[in-house]
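Pasting final-v4.cif here (mmCIF, C-alpha atoms):
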```
data_query
loop_
_atom_site.label_atom_id
_atom_site.label_comp_id
_atom_site.auth_asym_id
_atom_site.auth_seq_id
_atom_site.Cartn_x
_atom_site.Cartn_y
_atom_site.Cartn_z
CA MET A 1 136.01 157.61 -25.88
CA ILE A 2 139.29 155.74 -26.31
CA ARG A 3 142.26 157.06 -24.37
CA VAL A 4 145.70 155.65 -25.10
CA TYR A 5 148.69 156.15 -22.81
CA ARG A 6 152.23 155.51 -23.96
CA PRO A 7 155.36 154.83 -21.86
CA GLY A 8 155.86 157.55 -19.31
CA CYS A 9 152.16 158.46 -19.64
CA ARG A 10 153.23 161.94 -20.69
CA THR A 11 150.91 161.92 -23.68
CA CYS A 12 147.24 161.09 -23.84
CA GLU A 13 145.45 160.52 -27.12
CA SER A 14 141.67 160.83 -27.19
CA HIS A 15 139.71 159.24 -29.98
CA ALA A 16 136.00 159.55 -30.52
CA GLY A 17 133.63 159.60 -33.42
CA GLU A 18 135.70 157.68 -36.00
CA PRO A 19 136.82 154.40 -34.39
CA ALA A 20 137.09 152.72 -37.79
CA ALA A 21 140.08 154.97 -38.57
CA TRP A 22 141.73 154.29 -35.23
CA THR A 23 144.92 152.26 -34.94
CA LEU A 24 146.63 151.08 -31.77
CA PRO A 25 150.07 152.61 -31.17
CA PRO A 26 152.62 149.78 -30.90
CA ASP A 27 154.06 151.16 -27.66
CA ALA A 28 150.72 151.68 -25.88
CA VAL A 29 150.72 150.61 -22.20
CA TRP A 30 147.17 151.59 -21.24
CA ILE A 31 143.90 151.75 -23.18
CA ASP A 32 141.18 153.46 -21.19
CA LEU A 33 137.64 153.09 -22.54
CA LEU A 34 135.39 155.74 -21.01
CA ASN A 35 131.71 155.43 -21.96
CA PRO A 36 132.70 153.49 -25.09
CA THR A 37 130.32 153.09 -27.99
CA PRO A 38 129.82 149.67 -29.63
CA ASP A 39 132.00 150.84 -32.55
CA GLU A 40 134.81 151.82 -30.16
CA ASP A 41 134.53 148.43 -28.43
CA ARG A 42 134.87 146.68 -31.80
CA ALA A 43 137.86 148.84 -32.76
CA VAL A 44 139.74 147.83 -29.58
CA GLU A 45 138.71 144.20 -29.99
CA ALA A 46 140.07 144.18 -33.53
CA ALA A 47 143.33 145.80 -32.45
CA LEU A 48 143.98 143.43 -29.53
CA GLY A 49 142.22 140.27 -30.69
CA LEU A 50 140.29 140.20 -27.43
CA SER A 51 136.66 140.71 -26.46
CA VAL A 52 135.59 143.81 -24.52
CA PRO A 53 132.74 143.19 -22.01
CA THR A 54 129.57 145.17 -22.46
CA ARG A 55 127.99 147.27 -19.73
CA GLU A 56 125.41 144.55 -19.08
CA GLU A 57 128.11 141.90 -18.74
CA MET A 58 130.06 144.10 -16.31
CA ALA A 59 126.97 144.42 -14.07
CA GLU A 60 126.64 140.65 -13.60
CA LEU A 61 127.40 139.52 -10.06
CA GLU A 62 128.45 135.88 -10.41
CA ALA A 63 132.17 135.27 -9.92
CA SER A 64 132.55 133.51 -13.27
CA SER A 65 131.48 136.72 -15.03
CA ARG A 66 133.78 138.95 -13.00
CA LEU A 67 136.95 136.89 -12.71
CA TYR A 68 138.03 134.84 -15.72
CA ARG A 69 140.76 134.28 -18.29
CA GLU A 70 140.24 134.31 -22.03
CA ASN A 71 142.70 134.15 -24.95
CA GLY A 72 145.69 134.73 -22.67
CA ALA A 73 144.16 137.78 -20.97
CA THR A 74 142.93 138.11 -17.38
CA TYR A 75 139.57 139.84 -16.91
CA VAL A 76 138.57 141.23 -13.50
CA THR A 77 135.65 143.51 -12.66
CA ALA A 78 135.66 145.59 -9.48
CA ASP A 79 132.92 147.70 -7.92
CA ILE A 80 134.46 151.13 -7.36
CA ILE A 81 133.22 153.79 -4.94
CA HIS A 82 132.44 157.19 -6.43
CA HIS A 83 130.99 160.41 -5.02
CA GLY A 84 132.62 159.33 -1.77
CA ASP A 85 132.36 162.84 -0.30
CA THR A 86 128.57 162.64 -0.15
CA ASP A 87 126.34 160.93 2.43
CA MET A 88 125.39 158.26 -0.12
CA PRO A 89 128.45 157.13 -2.13
CA GLY A 90 127.79 155.43 -5.43
CA LEU A 91 129.09 152.03 -6.52
CA ASP A 92 129.63 150.99 -10.13
CA PRO A 93 131.74 148.35 -11.92
CA VAL A 94 135.02 148.87 -13.74
CA THR A 95 136.61 146.08 -15.80
CA PHE A 96 140.37 145.62 -15.98
CA VAL A 97 141.93 143.45 -18.69
CA LEU A 98 145.53 142.36 -18.18
CA THR A 99 146.98 141.44 -21.57
CA ALA A 100 150.42 140.60 -22.90
CA GLY A 101 150.54 144.22 -24.05
CA PRO A 102 148.62 147.19 -22.67
CA LEU A 103 146.26 147.30 -19.73
CA VAL A 104 142.65 147.82 -20.81
CA THR A 105 140.08 149.49 -18.54
CA VAL A 106 136.38 149.72 -19.34
CA ARG A 107 134.21 152.13 -17.35
CA TYR A 108 131.03 154.13 -17.68
CA PHE A 109 131.74 156.73 -15.01
CA ASP A 110 134.78 158.69 -13.85
CA PRO A 111 135.83 157.61 -10.34
CA LYS A 112 138.31 159.75 -8.46
CA PRO A 113 141.11 157.11 -8.29
CA PHE A 114 141.69 157.45 -12.04
CA ALA A 115 142.27 161.20 -11.72
CA LEU A 116 144.49 160.63 -8.68
CA LEU A 117 146.58 158.11 -10.59
CA LEU A 118 147.01 160.46 -13.55
CA ASP A 119 148.22 163.19 -11.18
CA LYS A 120 150.64 160.72 -9.60
CA LEU A 121 151.91 159.60 -13.00
CA GLY A 122 152.44 163.23 -13.97
CA ARG A 123 154.79 163.60 -11.00
CA ASP A 124 156.48 160.23 -11.50
CA PRO A 125 156.21 158.99 -15.13
CA ALA A 126 158.39 155.98 -14.32
CA LEU A 127 155.35 154.36 -12.67
CA CYS A 128 153.83 154.03 -16.14
CA GLY A 129 156.07 151.16 -17.23
CA THR A 130 153.95 148.13 -18.09
CA GLY A 131 150.30 147.19 -18.05
CA ALA A 132 150.81 145.19 -14.84
CA ASP A 133 152.47 148.19 -13.16
CA LEU A 134 149.58 150.43 -14.17
CA PHE A 135 147.07 147.88 -12.91
CA LEU A 136 148.70 147.74 -9.48
CA ASN A 137 149.04 151.52 -9.26
CA LEU A 138 145.39 151.88 -10.18
CA MET A 139 144.44 149.36 -7.50
CA GLU A 140 146.57 151.26 -5.00
CA ALA A 141 144.73 154.49 -5.85
CA ILE A 142 141.40 152.67 -5.48
CA ILE A 143 142.42 151.27 -2.08
CA ASP A 144 143.60 154.71 -0.92
CA ARG A 145 140.34 156.29 -2.01
CA ALA A 146 138.30 153.57 -0.29
CA SER A 147 140.32 154.22 2.87
CA ASP A 148 139.48 157.94 2.67
CA VAL A 149 135.77 157.24 2.20
CA LEU A 150 135.84 154.76 5.08
CA SER A 151 137.55 157.31 7.35
CA THR A 152 134.95 159.93 6.47
CA ASN A 153 132.12 157.51 7.17
CA ALA A 154 133.69 156.43 10.47
CA ALA A 155 134.01 160.09 11.52
CA LYS A 156 130.31 160.66 10.80
CA VAL A 157 129.40 157.61 12.86
CA GLU A 158 131.61 158.86 15.70
CA GLY A 159 129.82 162.23 15.61
CA VAL A 160 126.46 160.52 15.93
CA SER A 161 127.84 158.43 18.80
CA ASN A 162 128.86 161.56 20.71
CA HIS A 163 125.28 162.83 20.47
CA VAL A 164 123.57 159.53 21.26
CA PHE A 165 125.57 159.02 24.46
CA SER A 166 125.80 162.66 25.50
CA GLY A 167 122.97 162.29 28.01
CA ARG A 168 120.77 164.80 26.21
CA LYS A 169 117.11 164.29 25.61
CA THR A 170 116.20 162.25 22.55
CA VAL A 171 114.79 165.25 20.70
CA GLY A 172 116.13 165.08 17.14
CA PHE A 173 116.91 161.38 17.28
CA GLU A 174 114.90 160.88 14.10
CA LYS A 175 117.57 162.86 12.22
CA LEU A 176 120.34 160.87 13.90
CA ILE A 177 118.70 157.58 12.93
CA THR A 178 118.52 158.83 9.33
CA GLN A 179 122.24 159.63 9.47
CA LEU A 180 122.99 156.18 10.86
CA GLY A 181 120.91 154.61 8.09
CA ARG A 182 122.88 156.45 5.43
CA ALA A 183 126.15 155.55 7.14
CA HIS A 184 125.05 151.91 7.11
CA ILE A 185 124.35 152.04 3.36
CA ALA A 186 127.73 153.67 2.74
CA ASN A 187 129.36 151.05 4.96
CA ALA A 188 127.74 148.22 3.00
CA ARG A 189 128.94 149.69 -0.31
CA ILE A 190 132.48 150.09 1.01
CA GLU A 191 132.36 146.47 2.19
CA GLN A 192 131.18 145.31 -1.24
CA SER A 193 133.96 147.21 -2.97
CA LEU A 194 136.73 146.02 -0.64
CA SER A 195 135.56 142.39 -0.69
CA GLY A 196 135.56 142.44 -4.48
CA LEU A 197 139.07 143.88 -4.52
CA ALA A 198 140.28 141.16 -2.14
CA ARG A 199 138.91 138.48 -4.48
CA ILE A 200 140.58 140.19 -7.44
CA PHE A 201 143.97 140.24 -5.71
CA ALA A 202 143.73 136.52 -4.98
CA PHE A 203 142.76 135.80 -8.59
CA VAL A 204 145.35 138.06 -10.23
CA ALA A 205 148.13 136.63 -8.05
CA LEU A 206 148.12 133.59 -10.36
CA ASP A 207 148.65 135.69 -13.49
CA ASP A 208 152.10 135.09 -15.03
CA ARG A 209 152.63 138.81 -15.55
CA ILE A 210 152.53 139.27 -11.77
CA GLU A 211 153.44 135.89 -10.30
CA LYS A 212 156.85 135.75 -12.02
CA GLN A 213 157.87 139.30 -11.03
CA PRO A 214 159.00 139.43 -7.35
CA GLU A 215 158.53 143.19 -6.94
CA THR A 216 155.15 143.14 -8.65
CA ARG A 217 154.05 140.14 -6.58
CA GLU A 218 155.10 141.85 -3.35
CA HIS A 219 153.22 144.99 -4.38
CA LEU A 220 150.10 142.90 -4.95
CA ASN A 221 150.51 141.16 -1.59
CA SER A 222 150.80 144.54 0.11
CA LEU A 223 147.57 145.69 -1.54
CA ALA A 224 145.84 142.47 -0.45
CA ARG A 225 146.92 143.09 3.16
CA ASP A 226 145.66 146.68 2.96
CA ALA A 227 142.32 145.49 1.64
CA GLN A 228 141.95 142.95 4.47
CA SER A 229 142.82 145.53 7.12
CA LEU A 230 140.27 147.97 5.68
CA ILE A 231 137.64 145.22 5.61
CA SER A 232 138.26 144.56 9.31
CA HIS A 233 138.03 148.26 10.11
CA ASN A 234 134.87 148.58 8.04
CA GLN A 235 133.31 145.68 9.93
CA ALA A 236 134.11 147.44 13.21
CA VAL A 237 132.36 150.56 11.91
CA ALA A 238 129.38 148.41 10.90
CA ALA A 239 129.20 146.96 14.42
CA SER A 240 129.32 150.49 15.86
CA ILE A 241 126.48 151.58 13.57
CA ASP A 242 124.33 148.63 14.65
CA PHE A 243 125.05 149.28 18.33
CA GLN A 244 124.29 153.00 18.07
CA LEU A 245 121.11 152.34 16.14
CA SER A 246 119.94 149.91 18.83
CA ALA A 247 120.96 152.37 21.55
CA ALA A 248 119.14 155.27 19.88
CA LEU A 249 115.97 153.21 19.47
CA GLY A 250 116.28 152.04 23.08
CA LEU A 251 116.63 155.60 24.39
CA ILE A 252 113.64 156.69 22.34
CA ASN A 253 111.60 153.82 23.83
CA ILE A 254 112.75 154.76 27.35
CA GLU A 255 111.71 158.38 26.86
CA GLN A 256 108.37 157.34 25.40
CA SER A 257 107.85 154.99 28.35
CA SER A 258 108.64 157.84 30.75
CA ILE A 259 106.06 160.04 29.05
CA ILE A 260 103.44 157.29 29.22
CA LYS A 261 104.31 156.72 32.89
CA ILE A 262 103.72 160.40 33.66
CA PHE A 263 100.33 160.29 32.01
CA SER A 264 99.46 157.07 33.85
CA VAL A 265 100.47 158.53 37.22
CA ALA A 266 98.54 161.72 36.49
CA ALA A 267 95.45 159.72 35.56
CA VAL A 268 95.63 157.65 38.77
CA ALA A 269 96.38 160.72 40.94
CA PHE A 270 93.41 162.67 39.62
CA LEU A 271 91.00 159.76 39.70
CA PRO A 272 90.00 160.20 43.42
CA PRO A 273 89.47 163.99 43.10
CA THR A 274 87.39 163.35 39.99
CA LEU A 275 85.32 160.81 41.92
CA ILE A 276 84.71 163.29 44.76
CA ALA A 277 83.80 166.06 42.33
CA SER A 278 81.43 163.70 40.52
CA ILE A 279 79.69 162.78 43.78
CA TYR A 280 79.12 166.38 44.79
CA GLY A 281 77.98 167.19 41.30
CA MET A 282 74.95 164.89 41.67
CA ASN A 283 71.53 166.56 41.95
CA PHE A 284 70.19 164.75 45.01
CA ASP A 285 68.05 166.58 47.61
CA HIS A 286 69.40 164.75 50.65
CA MET A 287 73.08 165.68 50.62
CA PRO A 288 73.58 167.29 54.08
CA GLU A 289 76.97 168.88 53.19
CA LEU A 290 75.58 171.07 50.44
CA PRO A 291 73.78 173.69 52.58
CA GLN A 292 76.63 173.86 55.09
CA VAL A 293 79.11 176.76 55.00
CA TRP A 294 82.03 174.38 55.28
CA GLY A 295 80.74 172.04 52.55
CA TYR A 296 82.56 173.61 49.61
CA PRO A 297 85.95 174.00 51.39
CA ALA A 298 85.62 170.45 52.75
CA ALA A 299 85.10 169.07 49.22
CA LEU A 300 88.14 170.97 47.95
CA VAL A 301 90.30 169.69 50.82
CA ALA A 302 89.09 166.15 50.22
CA MET A 303 89.96 166.37 46.52
CA LEU A 304 93.41 167.81 47.31
CA VAL A 305 94.20 165.14 49.91
CA SER A 306 92.96 162.35 47.63
CA ALA A 307 95.37 163.61 44.91
CA ILE A 308 98.37 164.02 47.22
CA LEU A 309 98.13 160.59 48.85
CA PRO A 310 98.60 158.59 45.57
CA LEU A 311 101.47 160.86 44.51
CA ALA A 312 103.19 160.35 47.86
CA TRP A 313 102.71 156.59 47.56
CA PHE A 314 104.18 156.54 44.03
CA LYS A 315 107.19 158.57 45.18
CA LYS A 316 107.78 156.23 48.14
CA LYS A 317 107.76 153.25 45.78
CA GLY A 318 110.21 154.98 43.47
CA TRP A 319 107.82 155.13 40.55
CA LEU A 320 108.35 158.85 40.06
#
```
Go through the file and emit its structure as structure tokens.
Amino acid sequence: MIRVYRPGCRTCESHAGEPAAWTLPPDAVWIDLLNPTPDEDRAVEAALGLSVPTREEMAELEASSRLYRENGATYVTADIIHHGDTDMPGLDPVTFVLTAGPLVTVRYFDPKPFALLLDKLGRDPALCGTGADLFLNLMEAIIDRASDVLSTNAAKVEGVSNHVFSGRKTVGFEKLITQLGRAHIANARIEQSLSGLARIFAFVALDDRIEKQPETREHLNSLARDAQSLISHNQAVAASIDFQLSAALGLINIEQSSIIKIFSVAAVAFLPPTLIASIYGMNFDHMPELPQVWGYPAALVAMLVSAILPLAWFKKKGWL
């Protein structure tokens, strides 16, 4: 689908099915390609005289494929968080093309920042002035959304922390470790997105459409500072996840060691009574205690005393 936004972004034209009959409005400021077909890619390429990256090219990770200039246009590809309200946010690429005319975006999913920007533009159409303005406003929406996802993830980690260090028994720690693992994956994806945005801001700062406009340049610098601050905060959350994971595993090991210690003490404590019972369970004729009236009580007392003495010794040593 090809979506074209004109100045003020009050109108949105959707085109699908017949790209050959499509023409670019001369006053277009934003061309949004959502799940474009090859024919739609070719229609935009013919209208702008620029190449549109394919989905496979957008997925490439090397910097030369994500940040480059071609035919007077600046191409940048960012990994954008989506489904940020779930335990496992997704991460997919979006390509932005800064041209002498409209901004071009290529995407194969619908991240929330795009909807947030459209709502914002509906309230303040003046923000939809040029392609560079739209690019920066889109980046601002992406940064704001990443901040929200990061805050949600940090709150989840804090909740796990309250349980890990609450002094309760480690029952249910398996679930907590699973939550920490998911938080770690979400944290890594947020880090990947923010780091990519920081590289984009440094690269785009050299674009004439931004470098020569003081207000636009200051807006970009502000976004770069926001991205760096979020990266620092995200790294602090990552350190907290690692610490809590180590602490949870350590507490589980301590509890397991305590259980093993109890079994070991019980085995040692009952070893002497078992030995006494085994002796008096032998079928020998010459065991003088057996016919005596006091023989059975004496054996019971001996077994009881032989169990109490090791337990008292362990307690004195502080092993219990």
Evaluated on this file, the PyMOL selection byres ((chain A and resi 262-270) around 9) picks out some residues - which ones are they, written as a tab-separated table (two decimals) with C-alpha atoms, in the frame of the given file?
```tsv
chain	number	residue	atom	x	y	z
A	257	SER	CA	107.85	154.99	28.35
A	258	SER	CA	108.64	157.84	30.75
A	259	ILE	CA	106.06	160.04	29.05
A	260	ILE	CA	103.44	157.29	29.22
A	261	LYS	CA	104.31	156.72	32.89
A	271	LEU	CA	91.00	159.76	39.70
A	272	PRO	CA	90.00	160.20	43.42
A	273	PRO	CA	89.47	163.99	43.10
A	274	THR	CA	87.39	163.35	39.99
A	275	LEU	CA	85.32	160.81	41.92
A	303	MET	CA	89.96	166.37	46.52
A	306	SER	CA	92.96	162.35	47.63
A	307	ALA	CA	95.37	163.61	44.91
A	308	ILE	CA	98.37	164.02	47.22
A	309	LEU	CA	98.13	160.59	48.85
A	310	PRO	CA	98.60	158.59	45.57
A	311	LEU	CA	101.47	160.86	44.51
A	314	PHE	CA	104.18	156.54	44.03
A	319	TRP	CA	107.82	155.13	40.55
A	320	LEU	CA	108.35	158.85	40.06
```
**Request:** I need the residue set behind the PyMOL selection byres ((chain A and resi 49) around 12) for this file; please write it as a ChimeraX atom specification.
**Result:** /A:24,41-48,50-52,70-73,99-101
Return the padded bounding box of range 64-75 of chain A as lines of an AutoDock Vina configuration file: axis-aligned, built from all atoms listed in the file, 5 Å added on each side, with centre and edge lengths in Å to one decimal.
```
center_x = 138.6
center_y = 136.7
center_z = -18.8
size_x = 24.2
size_y = 16.3
size_z = 22.2
```
**Request:** Go ahead and find all residues with at least one atom no further than 12 Å from (135.7, 167.3, -4.2) in the file's coordinates, using all atoms listed in the file; report them as a ChimeraX atom specification.
**Result:** /A:82-86,111-112,115-116,149
**Request:** Please identify all polymer residues within 10 Å of Ile185 in chain A, counting only C-alpha atoms, omitting same-chain residues fewer than 4 positions from it, and present them as number ranges by chain.
**Result:** A: 87-89, 179-181, 189-191, 238
